[in-house]
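Engineer: Below is a structure I'd like to ask you about.
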Amino acid sequence: MSMHTAKEYLERSEARLQTAYHILTITYPTVQSPRLLLSATEHLFLAMDYAMNAILVQQLSQKNIPKFNASFPSRYATFRLKLANKLGFTKTSVEQLQYLRNILLEHQKSPVEFERNHSLVICSDDYKMTVLSHESVSDFLRIAKDFIATSRISIEESLSTSSLSH
Amino acid sequence: MSVPTTQEEALENTIDELKRADHLFYVSLKYTRTVDMIKHVIERLISTNECAIETMLHYAKGKKLIEEVPTTSALRAELLKKVYPNDMYAQESLNMLALFLKLRRAKYAAREEFRRHVTMIATLDSKEIVEIKIDNLGEYYHKTKDFVDYIHNLVQGRD
């Protein structure tokens, strides 16, 4: 993983969040294509992943956590086990990050996907179905917003604490 | 979208699809500047061109140039090529559609996302690399719009 600063990661996170927001509130109501919901989901996953990276980089620089591997499972495990509770992230939002990743992986592996009743249905090999609707993705958006806001607050607090201690 | 039985219904579908493409290009792509939005614009240009071809074939049926409008997009494209071999708009639309269908299947990478020069770098099945940017996508959008305007005039008997 090429390391950026916490601020850079947060900027990327905000850009992805804005894009998902635009797709859900402006593009989807006009174009009415359920495939846009998958795009919004992908942007929300990236927004949360960048926000998590911002936290990890910040905490690593303050030596609060050990070095971690660049892979998602390693970064996510470090974040979930060592930081999430301590920094006030809700369980739902932490689980959503993994859930969104699972949806995107299912989509990549999916043999069949189709549109029904304004939703996108992703089928897996074992007949499991994941349904993305405007309502469900709007819920993802709301939770992602909180997650990113908590990340920003945590980083700002951590920066002000470290500047006071110097 | 309903299956059209007349040239007027087909034209209405075409105009609706063009409006969606217009919104995706002028509002969403210009705002988001991401490659997935370029892909959505391409998808919408595919459906607009397919609807436009269907409309032109309904028009041809009305003029007794063909007996039936085929049910699949591939057969419709094939038939349009034969019925209007010298029509510049129709041939250009078919060429554009062929490229879009290759782009739909292509593996792609993103460059300069969230910037003015956001680029989709597609590697076609033939290994040819095609770069799609806001500017050349705009040209495809305008060609599609010209084709729809042309058909609109044909159907309305203004040509």
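By order in the structure tokens, chains are A, B, ...; within a chain, residues start at 1; ligands start at 1, following the order shown.
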Using only C-alpha atoms, I'd like a table of the residues in chain B that come within 9 Å of chain A; for each, show the closest atom pair and its distance in Å rounded to one decimal, ordered by chain and ascending number, as a Markdown table.
Structural biologist:
| residue | atom | partner | partner_atom | distance |
| --- | --- | --- | --- | --- |
| B:Glu17 | CA | A:Val31 | CA | 8.7 |
| B:Lys19 | CA | A:Val31 | CA | 8.5 |
| B:Arg20 | CA | A:Val31 | CA | 5.2 |
| B:Ala21 | CA | A:Val31 | CA | 8.1 |
| B:His23 | CA | A:Thr27 | CA | 7.5 |
| B:Leu24 | CA | A:Thr27 | CA | 6.9 |
| B:Val27 | CA | A:Thr27 | CA | 8.1 |
| B:Ser28 | CA | A:Thr27 | CA | 6.3 |
| B:Tyr31 | CA | A:Thr19 | CA | 8.0 |
| B:Thr32 | CA | A:Thr19 | CA | 5.5 |
| B:Arg33 | CA | A:Thr19 | CA | 8.8 |
| B:Thr34 | CA | A:Thr19 | CA | 8.5 |
| B:Asp36 | CA | A:Ser39 | CA | 6.8 |
| B:Met37 | CA | A:Ser39 | CA | 8.3 |
| B:His40 | CA | A:Leu36 | CA | 7.8 |
| B:Phe114 | CA | A:Ala15 | CA | 7.8 |
Engineer: Could you turn the residues from that selection into a file that holds N, CA and C atoms, as a compact mmCIF listing (two decimals), in the first residue's frame?
Structural biologist:
# COMPACT_ATOMS: atom_id res chain seq x y z
N GLU B 17 -34.62 7.69 -23.92
CA GLU B 17 -33.27 7.19 -23.66
C GLU B 17 -32.23 8.30 -23.87
N LYS B 19 -32.70 11.44 -23.41
CA LYS B 19 -32.77 12.36 -22.26
C LYS B 19 -31.94 11.82 -21.11
N ARG B 20 -32.01 10.48 -20.90
CA ARG B 20 -31.22 9.88 -19.81
C ARG B 20 -29.72 10.00 -20.10
N ALA B 21 -29.35 9.76 -21.37
CA ALA B 21 -27.94 9.89 -21.75
C ALA B 21 -27.47 11.33 -21.54
N HIS B 23 -28.62 13.53 -19.42
CA HIS B 23 -28.44 13.81 -17.99
C HIS B 23 -27.14 13.18 -17.48
N LEU B 24 -26.90 11.94 -17.88
CA LEU B 24 -25.68 11.26 -17.41
C LEU B 24 -24.44 12.01 -17.87
N VAL B 27 -24.77 16.21 -16.59
CA VAL B 27 -24.88 16.47 -15.15
C VAL B 27 -23.96 15.54 -14.36
N SER B 28 -24.22 14.23 -14.48
CA SER B 28 -23.53 13.30 -13.58
C SER B 28 -22.05 13.11 -13.91
N TYR B 31 -20.13 16.17 -13.07
CA TYR B 31 -20.00 16.37 -11.62
C TYR B 31 -19.05 15.35 -11.00
N THR B 32 -19.25 14.07 -11.35
CA THR B 32 -18.49 13.03 -10.63
C THR B 32 -17.09 12.82 -11.23
N ARG B 33 -16.98 12.88 -12.56
CA ARG B 33 -15.71 12.63 -13.26
C ARG B 33 -15.08 11.30 -12.86
N THR B 34 -15.88 10.25 -12.93
CA THR B 34 -15.37 8.92 -12.62
C THR B 34 -15.56 8.01 -13.83
N ASP B 36 -16.62 4.91 -13.81
CA ASP B 36 -17.87 4.14 -13.82
C ASP B 36 -18.99 4.98 -14.43
N MET B 37 -18.92 6.31 -14.30
CA MET B 37 -19.94 7.15 -14.92
C MET B 37 -19.74 7.17 -16.44
N HIS B 40 -21.48 4.20 -17.57
CA HIS B 40 -22.94 4.37 -17.58
C HIS B 40 -23.38 5.18 -18.80
N PHE B 114 -11.80 12.03 -10.93
CA PHE B 114 -12.15 13.28 -10.21
C PHE B 114 -11.46 14.50 -10.81
Engineer: If we count only C-alpha atoms, what is near Ala144 (chain A) at a cut-off of 12 Å, once residues fewer than 4 positions away on the same chain are taken out, given as JSON, numbers by chain?
Structural biologist: {"A": [13, 14, 16, 17, 18, 20, 21, 40, 41, 42, 43, 44, 45, 46, 47, 48, 49, 50, 51, 52, 89, 90, 92, 93, 94, 95, 96, 97, 99, 100, 137, 138, 139, 140, 148, 149, 150, 151]}
Engineer: Which residues in region 3-118 of chain A does DSSP call strand (DSSP E or B)? List them as a PyMOL selection string.
Structural biologist: chain A and resi 112-116
Engineer: Those same residues, written as a compact mmCIF listing (two decimals), in the first residue's frame with C-alpha atoms?
Structural biologist:
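Just written: again.txt:
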# COMPACT_ATOMS: atom_id res chain seq x y z
CA VAL A 112 -26.22 -14.00 -12.98
CA GLU A 113 -27.53 -10.56 -12.11
CA PHE A 114 -30.73 -8.89 -13.21
CA GLU A 115 -32.95 -5.87 -12.62
CA ARG A 116 -36.34 -6.29 -10.94
Engineer: Using only C-alpha atoms, find the one residue out of A:Arg142, A:His4, A:His118, A:Lys128 that sits nearest to Ser61 (chain A).
Structural biologist: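 Looking only at the distances to Ser61 (chain A), the closest residue turns out to be A:His4.
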Engineer: Give the answer as one residue: which of B:Ile134, B:Met1, B:Met56, B:Ile42 has the shortest atom-to-atom distance to Arg105 (chain B), using only C-alpha atoms?
Structural biologist: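 So, comparing all the options, the nearest one is B:Ile42.
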